[in-house]
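This is protein-v1.cif (mmCIF, C-alpha atoms).
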data_run
loop_
_atom_site.label_atom_id
_atom_site.label_comp_id
_atom_site.auth_asym_id
_atom_site.auth_seq_id
_atom_site.Cartn_x
_atom_site.Cartn_y
_atom_site.Cartn_z
CA MET A 1218 0.00 0.00 0.00
CA SER A 1219 1.45 3.38 -0.96
CA THR A 1220 2.10 6.16 1.57
CA ARG A 1221 -0.35 8.38 -0.32
CA ILE A 1222 -3.17 5.90 0.34
CA LEU A 1223 -2.06 4.93 3.86
CA LEU A 1224 -2.14 8.44 5.33
CA PRO A 1225 -5.89 9.00 4.76
CA LEU A 1226 -6.59 5.56 6.22
CA LEU A 1227 -4.65 6.40 9.36
CA VAL A 1228 -6.51 9.70 9.71
CA LEU A 1229 -9.83 7.89 9.40
CA PHE A 1230 -8.82 5.30 11.98
CA PHE A 1231 -7.94 7.81 14.65
CA VAL A 1232 -10.98 10.00 14.00
CA SER A 1233 -13.34 7.02 14.16
CA CYS A 1234 -12.03 5.80 17.50
CA SER A 1235 -13.31 8.84 19.41
CA PRO A 1236 -16.96 9.75 19.83
CA GLN A 1237 -17.77 13.27 18.63
CA THR A 1238 -20.54 15.73 19.19
CA PRO A 1239 -21.79 17.58 16.10
CA GLU A 1240 -19.99 20.69 17.34
CA GLN A 1241 -16.70 18.81 17.66
CA ALA A 1242 -17.21 17.34 14.22
CA ALA A 1243 -17.60 20.80 12.73
CA ASP A 1244 -14.28 21.83 14.26
CA THR A 1245 -12.65 18.65 12.97
CA ASP A 1246 -13.85 19.32 9.43
CA ASP A 1247 -11.78 22.50 9.43
CA GLU A 1248 -8.65 20.72 10.62
CA VAL A 1249 -8.62 17.31 8.93
CA VAL A 1250 -9.04 16.71 5.23
CA THR A 1251 -9.81 13.16 4.11
CA GLU A 1252 -10.53 11.72 0.68
CA GLN A 1253 -13.69 10.05 1.95
CA ASP A 1254 -15.64 10.22 5.19
CA PHE A 1255 -16.56 6.53 5.22
CA GLN A 1256 -14.99 3.23 4.31
CA ILE A 1257 -16.46 -0.25 4.30
CA SER A 1258 -15.51 -3.11 6.62
CA LEU A 1259 -16.89 -6.65 6.65
CA ALA A 1260 -18.44 -8.27 9.72
CA GLN A 1261 -17.59 -11.97 9.84
CA TRP A 1262 -21.14 -12.84 10.92
CA SER A 1263 -22.18 -12.14 7.33
CA LEU A 1264 -20.69 -15.56 6.52
CA HIS A 1265 -21.77 -17.45 9.64
CA ARG A 1266 -23.63 -20.15 7.68
CA SER A 1267 -20.57 -20.72 5.50
CA PHE A 1268 -18.34 -21.16 8.55
CA PHE A 1269 -20.68 -23.07 10.88
CA GLY A 1270 -22.64 -25.11 8.34
CA GLY A 1271 -25.18 -27.41 9.99
CA ALA A 1272 -23.93 -26.61 13.49
CA ILE A 1273 -26.42 -23.72 13.70
CA ASP A 1274 -29.48 -25.88 13.04
CA ASP A 1275 -29.91 -26.32 16.80
CA TRP A 1276 -28.85 -23.27 18.83
CA ASP A 1277 -29.23 -25.05 22.18
CA ALA A 1278 -26.83 -27.76 21.06
CA PHE A 1279 -24.60 -25.05 19.58
CA GLY A 1280 -24.26 -23.41 23.00
CA ARG A 1281 -23.31 -26.69 24.66
CA MET A 1282 -20.74 -27.55 21.99
CA LEU A 1283 -19.25 -24.08 22.17
CA GLU A 1284 -18.25 -24.84 25.75
CA GLU A 1285 -17.29 -28.48 25.22
CA SER A 1286 -15.70 -28.59 21.76
CA PRO A 1287 -15.84 -25.23 19.95
CA ASP A 1288 -13.70 -26.25 16.98
CA SER A 1289 -16.19 -29.02 16.14
CA LEU A 1290 -18.76 -26.32 15.31
CA LEU A 1291 -16.82 -25.26 12.23
CA GLN A 1292 -18.74 -27.52 9.87
CA GLY A 1293 -19.06 -25.17 6.90
CA ASP A 1294 -17.18 -24.88 3.64
CA LEU A 1295 -15.06 -21.92 4.76
CA ASP A 1296 -12.18 -21.79 7.24
CA PRO A 1297 -12.12 -18.78 9.63
CA MET A 1298 -8.34 -18.61 9.12
CA ASP A 1299 -9.06 -17.56 5.53
CA PHE A 1300 -11.38 -14.69 6.43
CA PRO A 1301 -8.80 -11.95 5.64
CA THR A 1302 -8.37 -13.33 2.13
CA ILE A 1303 -12.14 -13.70 1.71
CA ALA A 1304 -12.70 -10.07 2.77
CA ALA A 1305 -10.02 -8.84 0.38
CA SER A 1306 -11.79 -10.65 -2.47
CA TYR A 1307 -14.74 -8.28 -1.91
CA GLY A 1308 -12.46 -5.24 -2.08
CA VAL A 1309 -12.68 -4.70 1.69
CA ASN A 1310 -9.59 -3.83 3.73
CA SER A 1311 -10.91 -4.04 7.31
CA ILE A 1312 -12.61 -6.94 9.09
CA GLU A 1313 -14.77 -7.39 12.17
CA LEU A 1314 -14.13 -10.78 13.77
CA VAL A 1315 -16.59 -12.82 15.83
CA ASN A 1316 -15.09 -14.67 18.80
CA THR A 1317 -17.30 -17.75 18.43
CA PHE A 1318 -15.43 -18.69 15.25
CA TYR A 1319 -12.20 -18.68 17.26
CA PHE A 1320 -13.51 -19.65 20.69
CA SER A 1321 -10.55 -21.88 21.54
CA LYS A 1322 -7.97 -19.51 20.06
CA ALA A 1323 -8.01 -16.39 22.24
CA GLN A 1324 -4.76 -17.40 23.96
CA ASP A 1325 -3.30 -19.49 21.13
CA GLU A 1326 -0.37 -17.30 20.14
CA ALA A 1327 0.69 -19.53 17.25
CA TYR A 1328 -2.81 -19.37 15.73
CA LEU A 1329 -3.12 -15.62 16.27
CA THR A 1330 0.31 -15.05 14.75
CA ALA A 1331 -0.66 -17.07 11.68
CA PHE A 1332 -3.91 -15.12 11.42
CA ARG A 1333 -2.09 -11.81 11.73
CA ASN A 1334 0.23 -12.91 8.94
CA LYS A 1335 -2.79 -13.78 6.81
CA CYS A 1336 -4.07 -10.24 7.35
CA LYS A 1337 -0.75 -8.75 6.27
CA GLU A 1338 -0.65 -10.90 3.15
CA ALA A 1339 -4.19 -9.89 2.22
CA GLY A 1340 -3.68 -6.20 2.98
CA VAL A 1341 -6.45 -6.33 5.58
CA THR A 1342 -6.59 -4.93 9.11
CA VAL A 1343 -8.67 -6.16 12.06
CA GLY A 1344 -10.98 -3.40 13.25
CA LEU A 1345 -12.73 -5.12 16.13
CA ILE A 1346 -13.65 -8.45 17.69
CA MET A 1347 -17.31 -9.14 18.49
CA CYS A 1348 -17.50 -11.04 21.77
CA ASP A 1349 -20.42 -13.26 22.76
CA ARG A 1350 -21.10 -16.15 25.19
CA LEU A 1351 -18.76 -14.83 27.89
CA GLY A 1352 -21.26 -14.10 30.64
CA ASP A 1353 -23.46 -11.10 31.45
CA LEU A 1354 -21.65 -7.83 32.09
CA GLY A 1355 -24.87 -6.64 33.71
CA ASP A 1356 -25.27 -9.62 36.04
CA ALA A 1357 -26.80 -8.67 39.40
CA ASP A 1358 -24.43 -10.99 41.24
CA ASP A 1359 -21.12 -9.23 41.88
CA ASP A 1360 -19.01 -12.38 41.58
CA ALA A 1361 -20.74 -13.55 38.39
CA ARG A 1362 -20.39 -10.09 36.87
CA GLN A 1363 -16.69 -9.95 37.72
CA LYS A 1364 -16.24 -13.41 36.19
CA ALA A 1365 -17.88 -12.14 33.00
CA VAL A 1366 -15.55 -9.15 33.00
CA GLU A 1367 -12.50 -11.39 33.37
CA ASN A 1368 -13.77 -13.75 30.65
CA HIS A 1369 -13.34 -10.84 28.24
CA TYR A 1370 -9.70 -10.19 29.19
CA PRO A 1371 -8.19 -12.74 26.75
CA TRP A 1372 -10.17 -11.16 23.91
CA VAL A 1373 -8.93 -7.71 24.86
CA ASP A 1374 -5.41 -9.14 24.70
CA ALA A 1375 -6.13 -10.83 21.36
CA ALA A 1376 -7.53 -7.57 19.98
CA GLN A 1377 -4.35 -5.77 20.95
CA PHE A 1378 -2.20 -8.52 19.42
CA LEU A 1379 -4.11 -8.35 16.13
CA GLY A 1380 -4.01 -4.56 15.97
CA ALA A 1381 -7.74 -4.01 16.52
CA HIS A 1382 -9.12 -0.87 18.11
CA SER A 1383 -12.10 -2.42 19.95
CA ILE A 1384 -13.95 -5.41 21.26
CA ARG A 1385 -17.73 -5.42 20.92
CA VAL A 1386 -19.57 -6.65 24.02
CA ASN A 1387 -23.16 -7.03 25.25
CA ALA A 1388 -24.84 -5.11 28.06
CA ALA A 1389 -27.06 -7.93 29.31
CA GLY A 1390 -28.48 -8.88 32.68
CA SER A 1391 -31.66 -9.68 34.60
CA GLY A 1392 -33.86 -7.29 36.55
CA THR A 1393 -35.59 -4.01 35.96
CA ALA A 1394 -34.28 -1.58 33.38
CA GLU A 1395 -32.78 0.56 36.14
CA GLU A 1396 -31.15 -2.41 37.88
CA VAL A 1397 -29.59 -3.81 34.71
CA ALA A 1398 -28.39 -0.34 33.70
CA ALA A 1399 -26.59 0.08 37.02
CA HIS A 1400 -25.03 -3.38 36.89
CA ALA A 1401 -24.06 -3.06 33.22
CA ALA A 1402 -22.42 0.27 33.88
CA ALA A 1403 -20.39 -1.32 36.67
CA GLY A 1404 -19.35 -4.25 34.48
CA LEU A 1405 -18.45 -2.04 31.53
CA ALA A 1406 -16.43 0.30 33.73
CA ALA A 1407 -14.47 -2.63 35.16
CA LEU A 1408 -13.78 -4.07 31.71
CA GLY A 1409 -13.03 -0.63 30.29
CA THR A 1410 -10.43 -0.08 33.01
CA TYR A 1411 -8.59 -3.25 31.98
CA ALA A 1412 -8.99 -2.56 28.25
CA ALA A 1413 -7.54 0.93 28.67
CA THR A 1414 -4.24 -0.63 29.78
CA LYS A 1415 -4.12 -2.32 26.35
CA ASN A 1416 -5.31 0.75 24.41
CA ILE A 1417 -8.50 -1.09 23.43
CA ASN A 1418 -12.05 0.27 23.31
CA VAL A 1419 -15.04 -1.59 24.75
CA ILE A 1420 -18.07 -0.95 22.57
CA VAL A 1421 -21.65 -2.08 23.15
CA GLU A 1422 -24.02 -3.05 20.37
CA ASN A 1423 -27.77 -2.72 20.56
CA HIS A 1424 -28.20 -6.49 20.69
CA GLY A 1425 -31.54 -7.40 22.19
CA GLY A 1426 -33.29 -6.81 25.50
CA TYR A 1427 -32.78 -3.46 27.17
CA SER A 1428 -29.73 -2.75 25.00
CA SER A 1429 -32.03 -2.42 21.95
CA ASP A 1430 -33.62 0.61 23.60
CA GLY A 1431 -31.41 3.41 22.31
CA ASN A 1432 -32.27 5.77 25.15
CA TRP A 1433 -31.48 3.08 27.75
CA LEU A 1434 -28.09 2.27 26.24
CA ALA A 1435 -27.21 5.95 25.87
CA GLY A 1436 -27.99 6.29 29.57
CA VAL A 1437 -25.61 3.44 30.38
CA MET A 1438 -22.88 5.22 28.41
CA GLN A 1439 -23.50 8.35 30.45
CA LYS A 1440 -23.18 6.36 33.66
CA VAL A 1441 -19.89 4.77 32.58
CA ASN A 1442 -18.46 8.03 31.23
CA MET A 1443 -15.14 6.58 30.03
CA ASP A 1444 -13.27 7.59 26.88
CA ASN A 1445 -12.69 4.00 25.79
CA VAL A 1446 -16.23 2.74 26.40
CA GLY A 1447 -18.70 3.46 23.62
CA THR A 1448 -21.26 2.00 21.25
CA LEU A 1449 -21.56 0.09 17.99
CA PRO A 1450 -24.91 1.22 16.57
CA ASP A 1451 -26.50 -1.56 14.49
CA PHE A 1452 -29.11 -0.48 11.94
CA GLY A 1453 -31.30 -3.52 12.51
CA ASN A 1454 -31.06 -4.71 16.12
CA PHE A 1455 -33.80 -2.74 17.84
CA CYS A 1456 -36.16 -5.51 18.94
CA ILE A 1457 -36.52 -5.17 22.72
CA GLU A 1458 -38.85 -8.13 23.31
CA ARG A 1459 -39.45 -11.32 21.31
CA GLY A 1460 -42.21 -13.89 21.46
CA PRO A 1461 -42.08 -17.70 21.60
CA GLU A 1462 -41.56 -17.95 17.81
CA TYR A 1463 -38.84 -15.29 17.94
CA GLU A 1464 -41.26 -12.74 16.54
CA CYS A 1465 -40.65 -9.16 17.65
CA LEU A 1466 -43.25 -8.00 20.18
CA LYS A 1467 -41.71 -4.63 21.03
CA GLU A 1468 -39.38 -2.63 18.82
CA TYR A 1469 -37.56 0.66 19.32
CA ASP A 1470 -37.55 3.05 16.38
CA ARG A 1471 -34.31 2.28 14.52
CA TYR A 1472 -33.68 5.84 13.33
CA GLN A 1473 -34.16 7.25 16.81
CA GLY A 1474 -32.01 4.45 18.20
CA VAL A 1475 -29.07 5.20 15.92
CA THR A 1476 -29.50 8.91 16.70
CA ASP A 1477 -29.35 8.07 20.43
CA LEU A 1478 -26.20 5.97 20.09
CA MET A 1479 -24.11 7.89 17.57
CA PRO A 1480 -22.62 10.37 20.08
CA TYR A 1481 -20.80 7.40 21.65
CA ALA A 1482 -20.10 5.42 18.45
CA LYS A 1483 -16.68 3.98 17.67
CA GLY A 1484 -18.02 1.91 14.79
CA VAL A 1485 -21.21 1.44 12.79
CA SER A 1486 -22.87 -1.84 11.77
CA ALA A 1487 -24.91 -1.69 8.54
CA LYS A 1488 -27.30 -4.60 9.10
CA THR A 1489 -29.16 -5.88 6.04
CA HIS A 1490 -31.75 -8.60 5.49
CA ASP A 1491 -33.74 -8.12 2.28
CA PHE A 1492 -33.39 -6.07 -0.89
CA ASN A 1493 -35.85 -4.90 -3.55
CA ALA A 1494 -35.26 -4.89 -7.31
CA ALA A 1495 -33.60 -1.47 -7.05
CA GLY A 1496 -31.04 -2.77 -4.57
CA GLU A 1497 -32.51 -0.92 -1.59
CA GLU A 1498 -32.77 -2.58 1.83
CA THR A 1499 -36.48 -3.11 2.47
CA HIS A 1500 -36.39 -2.66 6.26
CA THR A 1501 -34.01 0.30 6.58
CA ASP A 1502 -33.74 3.52 4.57
CA PHE A 1503 -29.95 3.50 4.23
CA LEU A 1504 -29.69 7.07 2.95
CA ARG A 1505 -31.70 8.36 5.91
CA MET A 1506 -29.63 6.25 8.30
CA MET A 1507 -26.28 7.32 6.88
CA LYS A 1508 -27.35 10.97 7.07
CA ILE A 1509 -27.86 10.42 10.81
CA VAL A 1510 -24.39 8.87 11.02
CA LYS A 1511 -22.78 11.71 9.09
CA GLU A 1512 -24.59 14.46 10.99
CA ALA A 1513 -23.27 12.97 14.24
CA GLY A 1514 -19.74 13.73 13.02
CA TYR A 1515 -18.68 10.13 12.62
CA GLN A 1516 -15.96 9.31 10.12
CA GLY A 1517 -14.51 5.87 9.54
CA TYR A 1518 -15.61 2.33 8.86
CA VAL A 1519 -19.18 1.16 8.32
CA GLY A 1520 -19.46 -2.61 8.61
CA ILE A 1521 -21.36 -4.88 6.24
CA GLU A 1522 -23.44 -7.31 8.29
CA TYR A 1523 -25.76 -9.34 6.08
CA GLU A 1524 -28.23 -11.61 7.89
CA GLY A 1525 -30.82 -12.31 5.22
CA GLN A 1526 -32.18 -15.58 3.89
CA GLU A 1527 -33.33 -14.72 0.37
CA LEU A 1528 -29.89 -14.01 -1.06
CA SER A 1529 -26.86 -16.21 -0.49
CA GLU A 1530 -24.28 -14.84 1.93
CA ASP A 1531 -22.03 -13.97 -1.00
CA GLU A 1532 -24.82 -12.16 -2.83
CA GLY A 1533 -25.95 -10.41 0.36
CA ILE A 1534 -22.48 -9.08 1.06
CA LYS A 1535 -22.17 -7.78 -2.48
CA ALA A 1536 -25.63 -6.19 -2.36
CA THR A 1537 -24.87 -4.46 0.95
CA LYS A 1538 -21.53 -3.18 -0.32
CA ALA A 1539 -23.13 -1.83 -3.50
CA LEU A 1540 -25.86 -0.11 -1.47
CA LEU A 1541 -23.36 1.51 0.88
CA GLU A 1542 -21.21 2.72 -2.01
CA LYS A 1543 -24.27 4.25 -3.68
CA VAL A 1544 -25.39 5.94 -0.48
CA PHE A 1545 -21.93 7.33 0.24
CA GLN A 1546 -22.06 9.10 -3.11
CA GLN A 1547 -25.47 10.59 -2.25
CA LEU A 1548 -24.45 12.08 1.08
#
Just give me the structure as structure tokens.
Amino acid sequence: MSTRILLPLLVLFFVSCSPQTPEQAADTDDEVVTEQDFQISLAQWSLHRSFFGGAIDDWDAFGRMLEESPDSLLQGDLDPMDFPTIAASYGVNSIELVNTFYFSKAQDEAYLTAFRNKCKEAGVTVGLIMCDRLGDLGDADDDARQKAVENHYPWVDAAQFLGAHSIRVNAAGSGTAEEVAAHAAAGLAALGTYAATKNINVIVENHGGYSSDGNWLAGVMQKVNMDNVGTLPDFGNFCIERGPEYECLKEYDRYQGVTDLMPYAKGVSAKTHDFNAAGEETHTDFLRMMKIVKEAGYQGYVGIEYEGQELSEDEGIKATKALLEKVFQQL
């Protein structure tokens, strides 16, 4: 990569790792000139069926096997070690890893070194690691919450080793909204304190339950009030309550939710499911959403996260990338 191209990328990286108010963004526009406000990253979950194969047919069994024999879950046609090369084939130079594809590898230095080398060969950087199945950071029990915090430590270390800027976590717990908010703030502050020693951000996605209420999660951020603890607004994860068939019973307005979370954002997840004949996402107005992102002063990577069923994963990734590229030109 030439120095001429690398310098704008570095500027974008450092700008995107700090939340900005609109006023701060206006000041920044006068000081920093970039070729493009946004670039596209690829969330590994977009290919989860290709990595896991039939292992995801039964999520209860999946959870048990993740604890007992995580590598046996990789039953798909693709190897997670090859993800950097796969991302590069789409013309993407930054990736968002998911820890469940590497559940046994967080402290495997030989594996992580080989993966880092794969990234270098492909010309791809790791932006963040999405962390799931590590316990509730908003657990009401102090010991259980601390255990969940410590379960994230190896992934903070892995993120640092791979050159990532963040780990994505969940603000989950049981109790009233106020109780879970208080406990989640405590858990995030404890994890953020450790992550700060590694120069890693801890970012929370709206990912079900109370966390899909944008106002609630913004309030948690205010309680934590740490520079390296922020959010990863996801365009499509605003279902607060689901029914027995996984149908959404209560949903927060997605545009308001992204507006609520953008002041704390250190990344953006462009969730897609279905597309019409014109290539527009049928659930989310991407131009409206990206205007919210831009008006918040955010600059940096916007992650493709395709979760649809109608298109193949390959087609869904390409459709999402094409949509983002079109919208970027319209902003």
Given the file shown, enumerate the residues that the PyMOL selection byres ((chain A and resi 1340) around 9) captures and present them as JSON, numbers by chain. {"A": [1218, 1301, 1302, 1305, 1310, 1311, 1335, 1336, 1337, 1338, 1339, 1341, 1342]}
Output file for the residues above (C-alpha atoms, as a PDB file, in the coordinates of the input):
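Writing done, so here's part10.pdb:
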ATOM      1  CA  MET A1218       0.000   0.000   0.000  1.00  0.00           C
ATOM      2  CA  PRO A1301      -8.800 -11.950   5.640  1.00  0.00           C
ATOM      3  CA  THR A1302      -8.370 -13.330   2.130  1.00  0.00           C
ATOM      4  CA  ALA A1305     -10.020  -8.840   0.380  1.00  0.00           C
ATOM      5  CA  ASN A1310      -9.590  -3.830   3.730  1.00  0.00           C
ATOM      6  CA  SER A1311     -10.910  -4.040   7.310  1.00  0.00           C
ATOM      7  CA  LYS A1335      -2.790 -13.780   6.810  1.00  0.00           C
ATOM      8  CA  CYS A1336      -4.070 -10.240   7.350  1.00  0.00           C
ATOM      9  CA  LYS A1337      -0.750  -8.750   6.270  1.00  0.00           C
ATOM     10  CA  GLU A1338      -0.650 -10.900   3.150  1.00  0.00           C
ATOM     11  CA  ALA A1339      -4.190  -9.890   2.220  1.00  0.00           C
ATOM     12  CA  VAL A1341      -6.450  -6.330   5.580  1.00  0.00           C
ATOM     13  CA  THR A1342      -6.590  -4.930   9.110  1.00  0.00           C
TER      14      THR A1342
END
As a count of residues only, please: the residues near Ala1260 in chain A (cut-off 12 Å, all atoms listed in the file, same-chain neighbours under 2 positions excluded). 42
Given the file shown, determine the residues that the PyMOL selection byres ((chain A and resi 1511) around 10) selects; report them as a PyMOL selection string. chain A and resi 1239+1242+1254-1255+1479+1506-1510+1512-1516+1545+1548
Could you save those same residues with C-alpha atoms as a CSV table (one decimal), in the frame of the given file?
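What ended up in out.csv:
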chain,number,residue,atom,x,y,z
A,1239,PRO,CA,-21.8,17.6,16.1
A,1242,ALA,CA,-17.2,17.3,14.2
A,1254,ASP,CA,-15.6,10.2,5.2
A,1255,PHE,CA,-16.6,6.5,5.2
A,1479,MET,CA,-24.1,7.9,17.6
A,1506,MET,CA,-29.6,6.2,8.3
A,1507,MET,CA,-26.3,7.3,6.9
A,1508,LYS,CA,-27.4,11.0,7.1
A,1509,ILE,CA,-27.9,10.4,10.8
A,1510,VAL,CA,-24.4,8.9,11.0
A,1512,GLU,CA,-24.6,14.5,11.0
A,1513,ALA,CA,-23.3,13.0,14.2
A,1514,GLY,CA,-19.7,13.7,13.0
A,1515,TYR,CA,-18.7,10.1,12.6
A,1516,GLN,CA,-16.0,9.3,10.1
A,1545,PHE,CA,-21.9,7.3,0.2
A,1548,LEU,CA,-24.4,12.1,1.1
Applying the PyMOL selection byres ((chain A and resi 1270-1286) around 12) to the file I just gave you, which residues come out? Please list them as a PyMOL selection string. chain A and resi 1264-1269+1287-1296+1316-1321+1349-1351
Find the distance between CA of Phe1332 in chain A and CA of Gln1253 in chain A and write it in Å to one decimal.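 One can read the CA of Phe1332 in chain A to CA of Gln1253 in chain A distance as 28.6 Å.
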Rows by chain and residue number, range 1344-1395 of chain A within 8 Å of range 1428-1437 of chain A, shortest pair, all atoms listed in the file, as CSV:
residue,atom,partner,partner_atom,distance
A:Asn1387,CA,A:Ser1428,CA,7.8
A:Ala1388,CA,A:Ser1428,CA,6.2
A:Ala1389,CA,A:Ser1428,CA,7.2
A:Ala1394,CA,A:Trp1433,CA,7.8
One-decimal distance in Å that lies between CA of Phe1455 in chain A and CA of Tyr1370 in chain A: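 So the two atoms, CA of Tyr1370 in chain A and CA of Phe1455 in chain A, lie 27.7 Å apart.
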Using all atoms listed in the file, which of the listed residues (A:His1400, A:Lys1543, A:Lys1467, A:Arg1459) sits closest to Gln1363 in chain A?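 Between A:His1400, A:Lys1543, A:Lys1467, A:Arg1459, the residue approaching Gln1363 in chain A most closely is A:His1400.
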Interatomic distance between CA of Val1544 in chain A and CA of Leu1504 in chain A?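 Going from CA of Val1544 in chain A over to CA of Leu1504 in chain A covers 5.6 Å.
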Which of A:Tyr1427, A:Ala1375, A:Asp1444, A:Thr1393 sits closest to Ala1406 in chain A [using only C-alpha atoms]: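 Looking at the shortest contact to Ala1406 in chain A, the residue is A:Asp1444.
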Near Ala1365 in chain A, counting all atoms listed in the file, which residues have an atom at most 12 Å away, once you skip same-chain residues fewer than 6 positions from it, shown as a list of chain:residue names? A:Cys1348, A:Asp1349, A:Arg1350, A:Leu1351, A:Gly1352, A:Asp1353, A:Leu1354, A:Gly1355, A:Asp1356, A:Ala1357, A:Asp1358, A:Asp1359, A:Pro1371, A:Trp1372, A:Val1386, A:Asn1387, A:Ala1388, A:Ala1389, A:Gly1390, A:His1400, A:Ala1401, A:Ala1403, A:Gly1404, A:Leu1405, A:Ala1407, A:Leu1408
Return the single residue from A:Ala1539, A:Lys1483, A:Val1397, A:Phe1452 that is closest to Ala1495 in chain A, with distances computed using all atoms listed in the file. A:Ala1539
